[in-house]
file run_20.txt (compact mmCIF, C-alpha atoms)
# COMPACT_ATOMS: atom_id res chain seq x y z
CA MET K 26 110.66 117.35 119.99
CA SER K 27 111.33 113.60 119.73
CA ALA K 28 113.66 112.26 117.03
CA LYS K 29 112.05 111.09 113.82
CA THR K 30 111.51 107.34 113.40
CA PRO K 31 111.22 105.32 110.15
CA TYR K 32 107.44 105.57 110.56
CA ASP K 33 107.72 109.37 110.72
CA GLU K 34 109.68 109.40 107.46
CA LEU K 35 107.04 107.28 105.75
CA ALA K 36 104.29 109.44 107.26
CA THR K 37 105.91 112.48 105.68
CA LYS K 38 106.30 110.73 102.33
CA TYR K 39 102.71 109.50 102.22
CA ASN K 40 101.06 112.58 103.73
CA VAL K 41 99.06 113.47 100.63
CA ALA K 42 95.38 114.21 100.04
CA VAL K 43 93.68 110.80 100.00
CA PRO K 44 90.04 109.64 100.00
CA ARG K 45 88.75 107.78 103.06
CA TYR K 46 87.16 105.13 100.85
CA THR K 47 83.84 104.78 102.60
CA SER K 48 82.72 104.13 99.03
CA TYR K 49 84.23 103.33 95.68
CA PRO K 50 84.02 105.29 93.52
CA THR K 51 84.45 108.15 95.99
CA MET K 52 81.78 110.82 95.84
CA PRO K 53 83.68 113.38 93.69
CA TYR K 54 83.91 110.70 90.98
CA TRP K 55 80.28 109.67 90.91
CA ASP K 56 78.75 109.83 87.42
CA VAL K 57 75.91 112.03 88.58
CA PRO K 58 74.58 112.93 85.07
CA LEU K 59 73.99 109.23 84.37
CA PHE K 60 72.01 108.78 87.57
CA ASN K 61 68.30 109.31 88.23
CA LYS K 62 65.65 108.10 90.65
CA GLU K 63 64.44 105.37 88.30
CA VAL K 64 67.97 103.93 88.12
CA TRP K 65 68.16 104.03 91.91
CA ILE K 66 64.77 102.37 92.43
CA ARG K 67 65.69 99.52 90.06
CA SER K 68 68.98 98.91 91.87
CA VAL K 69 67.25 98.91 95.29
CA LYS K 70 64.66 96.38 94.13
CA ARG K 71 67.35 94.15 92.64
CA SER K 72 69.47 94.21 95.77
CA PHE K 73 66.48 93.67 98.05
CA GLU K 74 65.32 90.64 96.08
CA GLU K 75 68.82 89.15 96.13
CA SER K 76 69.66 89.69 99.79
CA ASN K 77 66.71 90.46 102.07
CA GLU K 78 65.72 86.88 102.85
CA ALA K 79 69.29 85.60 103.18
CA GLU K 80 70.92 88.37 105.21
CA GLY K 81 68.50 91.26 105.78
CA ILE K 82 69.10 94.97 105.19
CA SER K 83 70.64 97.89 107.05
CA LEU K 84 68.96 101.17 107.95
CA TYR K 85 70.81 104.40 108.70
CA ILE K 86 68.78 107.32 110.10
CA HIS K 87 70.34 110.78 109.98
CA LEU K 88 69.15 113.02 112.82
CA PRO K 89 70.80 116.36 112.01
CA PHE K 90 69.96 118.59 114.96
CA CYS K 91 72.51 119.84 117.51
CA GLU K 92 72.07 122.49 120.18
CA SER K 93 75.58 123.84 119.47
CA GLY K 94 78.02 123.42 116.61
CA CYS K 95 81.36 121.63 117.03
CA THR K 96 83.93 123.47 114.93
CA TYR K 97 85.82 120.30 113.93
CA CYS K 98 82.69 118.54 112.65
CA GLY K 99 82.33 117.50 109.02
CA CYS K 100 78.76 116.17 109.31
CA ASN K 101 75.58 117.67 107.91
CA THR K 102 73.97 119.40 110.90
CA ARG K 103 71.34 121.98 111.80
CA ILE K 104 72.10 124.02 114.92
CA THR K 105 69.03 124.91 116.97
CA LYS K 106 67.66 124.92 120.49
CA ASN K 107 64.10 124.71 119.19
CA HIS K 108 62.93 121.18 119.97
CA ARG K 109 59.66 121.70 118.16
CA VAL K 110 61.56 120.54 115.06
CA GLU K 111 61.60 116.96 116.38
CA GLN K 112 58.09 115.78 115.56
CA PRO K 113 57.88 117.14 111.97
CA TYR K 114 61.25 115.59 111.19
CA ILE K 115 60.26 112.18 112.58
CA ASN K 116 57.06 112.31 110.55
CA ALA K 117 59.10 113.01 107.41
CA VAL K 118 61.54 110.14 108.03
CA LEU K 119 58.68 107.72 108.60
CA LYS K 120 56.99 108.90 105.42
CA GLU K 121 60.24 108.37 103.49
CA TRP K 122 60.50 104.84 104.90
CA ASP K 123 56.91 104.19 103.87
CA MET K 124 57.86 105.12 100.28
CA TYR K 125 60.59 102.50 100.36
CA LEU K 126 58.25 99.90 101.86
CA LYS K 127 55.88 100.38 98.93
CA LEU K 128 58.77 99.98 96.47
CA LEU K 129 60.20 96.86 98.08
CA GLY K 130 56.98 94.90 97.81
CA ASP K 131 57.82 92.51 100.63
CA ILE K 132 58.50 92.72 104.36
CA PRO K 133 62.10 93.89 104.99
CA VAL K 134 64.26 92.05 107.52
CA ILE K 135 66.22 94.60 109.57
CA ARG K 136 69.74 93.33 110.30
CA GLU K 137 71.31 96.65 111.30
CA LEU K 138 69.83 99.94 112.44
CA HIS K 139 71.97 102.95 113.31
CA LEU K 140 71.03 106.44 114.49
CA GLY K 141 73.62 109.06 113.54
CA GLY K 142 73.81 112.79 113.25
CA GLY K 143 73.92 115.45 114.30
CA THR K 144 73.00 114.47 117.81
CA PRO K 145 70.41 111.68 118.04
CA THR K 146 70.04 112.38 121.77
CA PHE K 147 68.87 115.89 120.84
CA PHE K 148 65.51 114.13 120.44
CA THR K 149 63.51 113.22 123.53
CA ALA K 150 63.40 109.58 124.51
CA GLU K 151 59.67 109.47 123.75
CA ASN K 152 60.18 110.86 120.23
CA LEU K 153 62.91 108.31 119.59
CA ARG K 154 60.44 105.64 120.70
CA LEU K 155 57.94 106.92 118.14
CA LEU K 156 60.61 106.94 115.43
CA ILE K 157 61.92 103.43 116.04
CA GLY K 158 58.45 102.02 116.61
CA GLY K 159 57.34 103.45 113.29
CA LEU K 160 60.36 102.05 111.45
CA LEU K 161 59.93 98.56 112.84
CA LYS K 162 56.16 98.47 112.45
CA GLY K 163 56.32 97.24 108.86
CA ALA K 164 59.42 95.07 109.21
CA LYS K 165 60.84 91.91 110.72
CA ILE K 166 63.87 91.93 113.02
CA HIS K 167 66.70 89.58 112.11
CA PRO K 168 67.70 87.15 114.92
CA GLN K 169 71.23 88.61 114.81
CA ALA K 170 70.12 92.23 114.50
CA GLU K 171 72.38 94.95 115.85
CA PHE K 172 70.91 98.33 116.78
CA SER K 173 73.24 101.20 117.69
CA PHE K 174 73.12 104.93 118.23
CA GLU K 175 75.45 107.90 118.62
CA ALA K 176 75.10 110.07 121.70
CA HIS K 177 76.43 113.24 123.26
CA PRO K 178 77.50 112.55 126.86
CA GLY K 179 76.24 115.97 127.87
CA ASN K 180 72.58 115.34 127.03
CA THR K 181 72.14 111.55 127.16
CA THR K 182 69.67 110.66 129.90
CA VAL K 183 68.69 107.44 131.63
CA ASP K 184 65.38 107.72 129.74
CA HIS K 185 67.26 107.69 126.43
CA LEU K 186 69.23 104.62 127.45
CA GLU K 187 66.26 102.72 128.85
CA VAL K 188 63.86 103.48 126.01
CA LEU K 189 66.34 102.54 123.28
CA TYR K 190 67.43 99.42 125.18
CA GLY K 191 63.81 98.37 125.34
CA LEU K 192 63.58 98.76 121.57
CA GLY K 193 66.52 96.43 120.98
CA PHE K 194 69.54 98.73 121.07
CA ARG K 195 72.65 97.14 122.60
CA ARG K 196 75.44 99.31 121.23
CA LEU K 197 76.15 102.91 122.16
CA SER K 198 78.74 105.29 120.70
CA LEU K 199 79.77 108.32 122.75
CA GLY K 200 81.41 111.28 121.03
CA ILE K 201 84.30 112.42 123.23
CA GLN K 202 87.17 113.54 120.93
CA ASP K 203 89.45 114.80 123.77
CA PHE K 204 89.11 115.58 127.48
CA ASP K 205 91.61 118.47 127.41
CA PRO K 206 89.66 121.67 128.35
CA ARG K 207 91.72 123.83 125.95
CA VAL K 208 90.95 121.53 123.03
CA GLN K 209 87.29 121.30 124.01
CA LEU K 210 87.06 125.08 124.08
CA ILE K 211 88.49 125.64 120.59
CA ILE K 212 86.40 122.85 119.02
CA ASN K 213 83.30 123.88 121.02
CA ARG K 214 82.72 120.34 122.26
CA HIS K 215 82.19 120.20 126.01
CA GLN K 216 81.74 117.16 128.20
CA SER K 217 83.61 116.24 131.34
CA PHE K 218 85.13 112.90 132.24
CA GLU K 219 82.53 112.59 135.01
CA GLN K 220 79.66 113.02 132.54
CA VAL K 221 81.08 110.31 130.31
CA LYS K 222 81.65 108.05 133.30
CA VAL K 223 78.05 108.44 134.49
CA VAL K 224 76.57 107.65 131.04
CA THR K 225 78.90 104.67 130.60
CA GLN K 226 78.04 103.22 133.99
CA GLN K 227 74.32 103.78 133.46
CA ALA K 228 74.44 102.06 130.07
CA ARG K 229 76.23 99.05 131.51
CA ARG K 230 73.77 98.75 134.40
CA ILE K 231 70.88 98.78 131.92
CA GLY K 232 72.51 96.04 129.85
CA TYR K 233 74.33 97.58 126.87
CA THR K 234 76.94 95.08 125.72
CA SER K 235 79.17 97.24 123.51
CA ILE K 236 80.13 100.84 124.17
CA ASN K 237 82.28 102.82 121.74
CA PHE K 238 84.20 106.04 122.41
CA ASP K 239 84.99 108.36 119.48
CA LEU K 240 88.39 110.03 119.85
CA ILE K 241 90.19 112.31 117.39
CA TYR K 242 93.90 112.98 116.99
CA GLY K 243 95.29 116.04 115.21
CA LEU K 244 92.81 118.51 116.72
CA PRO K 245 93.78 122.18 117.23
CA LEU K 246 95.95 122.80 120.33
CA GLN K 247 96.18 119.05 120.97
CA THR K 248 99.45 117.88 122.54
CA THR K 249 100.90 114.43 123.10
CA HIS K 250 100.95 114.94 126.87
CA GLU K 251 97.26 115.82 127.08
CA LEU K 252 96.29 113.05 124.65
CA ILE K 253 98.01 110.57 126.95
CA THR K 254 95.97 111.94 129.85
CA THR K 255 92.76 111.51 127.83
CA LEU K 256 93.65 107.94 126.89
CA TYR K 257 94.35 106.95 130.50
CA GLN K 258 90.95 108.32 131.46
CA VAL K 259 89.37 106.35 128.61
CA ALA K 260 91.18 103.20 129.76
CA GLU K 261 89.68 103.67 133.22
CA LEU K 262 86.18 103.31 131.73
CA ARG K 263 87.30 100.53 129.35
CA PRO K 264 84.83 100.85 126.46
CA GLU K 265 84.60 97.74 124.29
CA ARG K 266 85.47 99.73 121.17
CA ILE K 267 87.37 102.89 120.36
CA ALA K 268 87.32 104.82 117.10
CA PHE K 269 90.59 106.77 116.97
CA TYR K 270 90.11 109.06 113.99
CA SER K 271 92.42 111.45 112.21
CA TYR K 272 91.04 114.99 112.22
CA ALA K 273 90.08 115.88 108.64
CA HIS K 274 90.82 119.57 108.02
CA VAL K 275 88.59 120.61 105.10
CA PRO K 276 87.69 124.28 105.75
CA TRP K 277 86.77 124.72 102.08
CA LEU K 278 83.88 122.33 102.77
CA LYS K 279 83.10 123.07 106.43
CA ALA K 280 83.03 126.74 107.36
CA GLY K 281 83.13 126.01 111.10
CA GLN K 282 86.72 124.85 110.71
CA ARG K 283 87.72 128.39 109.75
CA LYS K 284 87.40 129.38 113.42
CA PHE K 285 90.97 128.18 113.81
CA THR K 286 93.87 128.06 111.35
CA GLU K 287 96.59 125.64 110.32
CA MET K 288 98.80 127.42 112.88
CA ASP K 289 96.62 125.90 115.62
CA LEU K 290 97.00 122.38 114.21
CA PRO K 291 99.87 119.96 114.80
CA ASP K 292 102.16 119.63 111.78
CA ALA K 293 102.52 116.29 109.99
CA HIS K 294 105.37 115.14 112.25
CA ALA K 295 103.51 116.09 115.44
CA LYS K 296 100.31 114.49 114.16
CA SER K 297 102.08 111.24 113.31
CA ARG K 298 103.49 111.26 116.86
CA LEU K 299 99.98 111.73 118.26
CA TYR K 300 98.76 108.73 116.29
CA ALA K 301 101.73 106.53 117.17
CA THR K 302 101.44 107.45 120.86
CA GLY K 303 97.72 106.75 120.91
CA ARG K 304 98.02 103.48 118.98
CA ASN K 305 100.79 102.17 121.23
CA LEU K 306 98.91 103.12 124.39
CA LEU K 307 95.69 101.51 123.24
CA LYS K 308 97.51 98.32 122.39
CA SER K 309 99.19 98.38 125.82
CA PHE K 310 95.71 98.66 127.37
CA GLY K 311 94.71 95.39 125.65
CA TYR K 312 92.94 96.79 122.57
CA GLU K 313 93.43 95.16 119.18
CA GLU K 314 93.73 97.26 116.03
CA ILE K 315 90.79 96.74 113.67
CA GLY K 316 90.93 97.82 110.04
CA MET K 317 91.57 101.54 109.85
CA ASP K 318 91.19 103.84 112.89
CA HIS K 319 89.36 101.30 115.07
CA PHE K 320 90.34 99.35 118.18
CA ALA K 321 88.43 96.72 120.12
CA LEU K 322 88.85 94.45 123.11
CA PRO K 323 89.38 90.78 122.20
CA ALA K 324 85.96 89.82 123.60
CA ASP K 325 84.13 92.31 121.37
CA ALA K 326 82.28 91.15 118.26
CA LEU K 327 84.22 93.55 116.04
CA PHE K 328 87.52 91.85 116.88
CA LYS K 329 85.97 88.42 116.38
CA ALA K 330 84.63 89.51 112.98
CA GLU K 331 88.08 90.58 111.80
CA SER K 332 89.63 87.39 113.15
CA THR K 333 87.16 85.26 111.17
CA GLY K 334 87.26 87.33 107.98
CA LYS K 335 83.72 88.66 108.42
CA LEU K 336 84.55 92.33 109.03
CA HIS K 337 82.55 94.67 106.76
CA ARG K 338 82.65 98.38 106.07
CA ASN K 339 79.97 100.71 104.76
CA PHE K 340 78.90 104.34 105.17
CA MET K 341 78.18 103.64 108.85
CA GLY K 342 81.76 102.48 109.45
CA TYR K 343 83.09 99.06 110.39
CA THR K 344 80.56 96.39 111.32
CA GLN K 345 80.72 92.69 112.10
CA GLN K 346 77.84 91.86 109.77
CA HIS K 347 77.43 92.14 106.03
CA THR K 348 74.33 93.44 104.31
CA GLN K 349 74.17 94.11 100.61
CA LEU K 350 71.50 96.81 100.91
CA LEU K 351 71.84 99.88 103.11
CA ILE K 352 69.00 102.40 103.03
CA GLY K 353 69.71 105.85 104.44
CA LEU K 354 66.77 107.92 105.67
CA GLY K 355 66.76 111.60 106.52
CA VAL K 356 68.41 114.71 105.16
CA SER K 357 71.80 114.09 103.43
CA SER K 358 71.72 110.33 104.17
CA ILE K 359 73.63 108.09 101.78
CA SER K 360 72.25 104.73 100.61
CA ASP K 361 74.07 101.80 99.04
CA SER K 362 72.46 99.00 97.04
CA TRP K 363 75.89 97.55 96.15
CA TYR K 364 75.12 98.28 92.50
CA ALA K 365 74.50 101.99 93.09
CA PHE K 366 74.90 104.81 95.61
CA ALA K 367 72.38 107.56 96.28
CA GLN K 368 72.39 110.62 98.50
CA ASN K 369 69.43 112.57 99.82
CA VAL K 370 69.25 116.34 99.48
CA LYS K 371 71.45 118.19 101.97
CA VAL K 372 69.21 121.14 102.86
CA LEU K 373 66.64 120.38 105.55
CA GLU K 374 63.86 122.50 104.04
CA ASP K 375 64.35 120.83 100.63
CA TYR K 376 64.15 117.41 102.24
CA LEU K 377 60.93 118.23 104.10
CA GLN K 378 59.36 119.71 100.96
CA LEU K 379 60.16 116.67 98.79
CA ILE K 380 58.75 114.33 101.42
CA LYS K 381 55.63 116.47 101.63
CA GLN K 382 55.24 116.08 97.85
CA GLY K 383 55.57 112.30 98.16
CA GLU K 384 58.91 112.15 96.34
CA LEU K 385 62.02 110.22 97.31
CA PRO K 386 64.48 112.95 98.36
CA VAL K 387 67.41 111.46 96.40
CA PHE K 388 69.28 114.13 94.43
CA LYS K 389 72.52 112.52 93.22
CA GLY K 390 74.16 109.13 92.98
CA HIS K 391 76.21 106.71 90.94
CA LEU K 392 75.50 103.47 89.09
CA LEU K 393 78.55 101.23 89.40
CA THR K 394 80.11 99.79 86.25
CA ASP K 395 81.52 96.25 86.09
CA GLU K 396 84.99 97.73 86.57
CA ASP K 397 83.78 99.75 89.58
CA LEU K 398 82.39 96.61 91.21
CA ILE K 399 85.67 94.74 90.82
CA ILE K 400 87.76 97.57 92.24
CA ARG K 401 85.24 98.18 95.01
CA GLN K 402 85.59 94.60 96.21
CA HIS K 403 89.38 94.82 96.21
CA ILE K 404 89.28 98.04 98.25
CA LEU K 405 86.83 96.50 100.72
CA ASP K 406 89.08 93.46 101.10
CA ILE K 407 92.10 95.66 101.78
CA MET K 408 90.19 97.80 104.29
CA CYS K 409 88.60 94.87 106.11
CA LYS K 410 90.93 91.90 105.62
CA GLY K 411 94.28 93.49 104.85
CA TYR K 412 94.45 91.21 101.84
CA THR K 413 93.20 90.87 98.29
CA CYS K 414 93.98 88.74 95.27
CA TRP K 415 93.28 89.15 91.60
CA ASN K 416 92.64 86.68 88.85
CA GLN K 417 92.99 87.01 85.12
CA HIS K 418 89.58 88.68 84.89
CA SER K 419 90.28 91.49 87.34
CA ALA K 420 94.02 92.05 86.79
CA GLY K 421 93.38 93.96 83.59
CA VAL K 422 91.38 96.56 85.51
CA PHE K 423 94.46 97.97 87.18
CA LYS K 424 96.13 99.96 84.45
CA GLY K 425 98.58 101.34 86.99
CA ILE K 426 99.19 98.29 89.16
CA GLU K 427 102.89 99.19 89.09
CA ARG K 428 102.03 102.00 91.54
CA LEU K 429 101.85 99.33 94.21
CA GLN K 430 105.49 98.38 93.77
CA ALA K 431 106.70 101.56 95.47
CA LEU K 432 104.61 100.69 98.54
CA ALA K 433 106.04 97.17 98.52
CA ASP K 434 109.54 98.65 98.41
CA ASP K 435 108.69 100.70 101.51
CA GLY K 436 107.43 97.64 103.36
CA LEU K 437 103.75 98.62 103.41
CA ILE K 438 102.58 95.59 101.43
CA GLU K 439 103.74 92.21 100.24
CA LEU K 440 103.04 91.98 96.54
CA ASP K 441 103.22 89.35 93.81
CA THR K 442 101.43 88.65 90.56
CA ARG K 443 98.40 87.14 92.30
CA GLU K 444 97.86 88.89 95.62
CA LEU K 445 98.48 91.80 97.95
CA LYS K 446 98.98 91.53 101.69
CA VAL K 447 99.09 94.55 104.00
CA THR K 448 101.98 94.43 106.47
CA SER K 449 101.79 95.52 110.09
CA LEU K 450 103.41 98.81 109.08
CA GLY K 451 101.13 99.17 106.08
CA LYS K 452 98.02 98.98 108.25
CA ARG K 453 98.69 102.63 109.11
CA PHE K 454 98.57 103.56 105.42
CA LEU K 455 95.46 101.73 104.20
CA ARG K 456 94.10 104.82 102.43
CA ASN K 457 97.32 105.23 100.45
CA ILE K 458 97.29 101.55 99.46
CA CYS K 459 93.69 101.74 98.28
CA MET K 460 94.42 104.88 96.28
CA CYS K 461 96.82 102.90 94.08
CA LEU K 462 93.81 100.90 92.83
CA ASP K 463 91.54 103.95 92.38
CA ALA K 464 91.19 103.89 88.60
CA ARG K 465 88.81 106.84 88.46
CA LEU K 466 91.12 109.09 90.46
CA TRP K 467 94.16 108.29 88.31
CA GLN K 468 92.16 108.74 85.12
CA ASN K 469 91.07 112.22 86.22
CA LYS K 470 93.51 113.60 88.77
CA PRO K 471 92.01 116.45 90.84
CA THR K 472 93.30 119.92 90.05
CA SER K 473 92.39 121.19 93.53
CA GLN K 474 92.33 119.52 96.93
CA LEU K 475 89.21 117.37 97.28
CA PHE K 476 90.24 115.16 100.19
CA SER K 477 91.81 115.48 103.62
CA MET K 478 95.48 114.67 104.15
CA ALA K 479 96.44 111.08 104.93
CA ILE K 480 98.23 112.07 108.15
call {"tool": "encode", "arguments": {"input": "run_20.txt", "output": "structure tokens"}}
result
Amino acid sequence: MSAKTPYDELATKYNVAVPRYTSYPTMPYWDVPLFNKEVWIRSVKRSFEESNEAEGISLYIHLPFCESGCTYCGCNTRITKNHRVEQPYINAVLKEWDMYLKLLGDIPVIRELHLGGGTPTFFTAENLRLLIGGLLKGAKIHPQAEFSFEAHPGNTTVDHLEVLYGLGFRRLSLGIQDFDPRVQLIINRHQSFEQVKVVTQQARRIGYTSINFDLIYGLPLQTTHELITTLYQVAELRPERIAFYSYAHVPWLKAGQRKFTEMDLPDAHAKSRLYATGRNLLKSFGYEEIGMDHFALPADALFKAESTGKLHRNFMGYTQQHTQLLIGLGVSSISDSWYAFAQNVKVLEDYLQLIKQGELPVFKGHLLTDEDLIIRQHILDIMCKGYTCWNQHSAGVFKGIERLQALADDGLIELDTRELKVTSLGKRFLRNICMCLDARLWQNKPTSQLFSMAI
């Protein structure tokens, strides 16, 4: 085993359960009893009126079906080989969108559209054409619109690529995780390097301009040696973007993760070595580190967005464009009006039944307070810009701002009475930095583990 470095010592110190901060407040701290559909509808209308004409809106479509279950996965999925589920689900999503169109009262301008899952390429190319055609029928497309979709290399066909390209999609994200056969076996995620190479080359021939590979470090049975092999194979295909995620072990939430134990997982030291090795290799291949867990080539729009201070983050991840309103369609989808969050019901049958009854399938959410909005902006700035500053109005929000001093002492941030800057070392600990500002968490510390470990 390699000797511990100063980074390893900090990784051990800061390896605590920490939110990922795809939202603030984080979901366990949503004031669900104060939320209802009327509150949500008002917030959507307000946000739409404020932002649709100026910047457009984002749409996220959750397509939950997979033919087999990946044991590492934390997403809301339905495992089936019955493809007759496709058409009824598409009909339901389009009916949900029609409910929103009636509420909005004006033609929406689509700035971003993302298909996630599940496995969007579970659906036939023709059914995806029907879905996207139906969504765009009552909308305008923004001149700078970005359409993207997630795909499984094992079932993505030329038809999928061509049909979606013809509908305006230019960005493709391939779920890979690791090419090591032992790791693929234990996580039940199978695709060969050759399959990924074929899909990547086909997409480029068709005209896709940005291809992302999803990779995960900290998976069961994963070793540094095999991760290096995977990364060299990835470098051979040179995707424009790479999401290099930390595996989140939450078996109390995701039963599939009980198919292996902590004994199969790298310990905190080994996991920090996996991350450091991967980060250093990616940088040596010419990739620039973007925000948290993301890397991009200098020519890619994501890198340019960070360089110009335009990087944004929402429930879909990092994006180079900002929209105030994000509407999530489909089972378990999460929406964000900036002033409120809302999540659809998580059980497929419940979702289909509510749609059939003509009801928005929202079942919980949170209306942000003035304090929430201030803290949310600071966390977004830290996550996207590595910097935030506070004035007299917002400084009083942080009852425990002294928590940041310990991170400054460890070299993770530069701190004074007016601003916070994340250092190069601190970029690896963004979640820990943000947690210092998480007023709701410190006001009501969890008595059991709610979040995955930072490392």
call {"tool": "residues_around", "arguments": {"input": "run_20.txt", "residues": "K:Pro323", "least_positions_apart": "5", "cutoff": "12 Å", "atoms": "all atoms listed in the file", "output": "list of chain:residue names"}}
result
K:Pro264, K:Glu265, K:Arg266, K:Lys308, K:Phe310, K:Gly311, K:Tyr312, K:Glu313, K:Glu314, K:Ile315, K:Phe328, K:Lys329, K:Ala330, K:Glu331, K:Ser332
call {"tool": "closest_residue", "arguments": {"input": "run_20.txt", "among": "K:Gly243, K:Gly94, K:Pro471, K:Gly81", "to": "K:Ala301", "atoms": "only C-alpha atoms"}}
result
K:Gly243
call {"tool": "closest_residue", "arguments": {"input": "run_20.txt", "among": "K:Ala228, K:Leu156, K:Leu429, K:Val69", "to": "K:Ile115", "atoms": "all atoms listed in the file"}}
result
K:Leu156
call {"tool": "closest_residue", "arguments": {"input": "run_20.txt", "among": "K:Tyr272, K:Tyr257, K:Phe73, K:Tyr32", "to": "K:Gly99", "atoms": "only C-alpha atoms"}}
result
K:Tyr272
call {"tool": "atom_distance", "arguments": {"input": "run_20.txt", "atom1": "atom CA of K:Ile157", "atom2": "atom CA of K:Pro89"}}
result
16.2 Å
call {"tool": "closest_residue", "arguments": {"input": "run_20.txt", "among": "K:Thr413, K:Ser358, K:Gln368, K:Ser72", "to": "K:Gly142", "atoms": "all atoms listed in the file"}}
result
K:Ser358
call {"tool": "residues_around", "arguments": {"input": "run_20.txt", "residues": "K:Asp289", "least_positions_apart": "6", "cutoff": "9 Å", "atoms": "only C-alpha atoms", "output": "ChimeraX atom specification"}}
result
/K:244-247
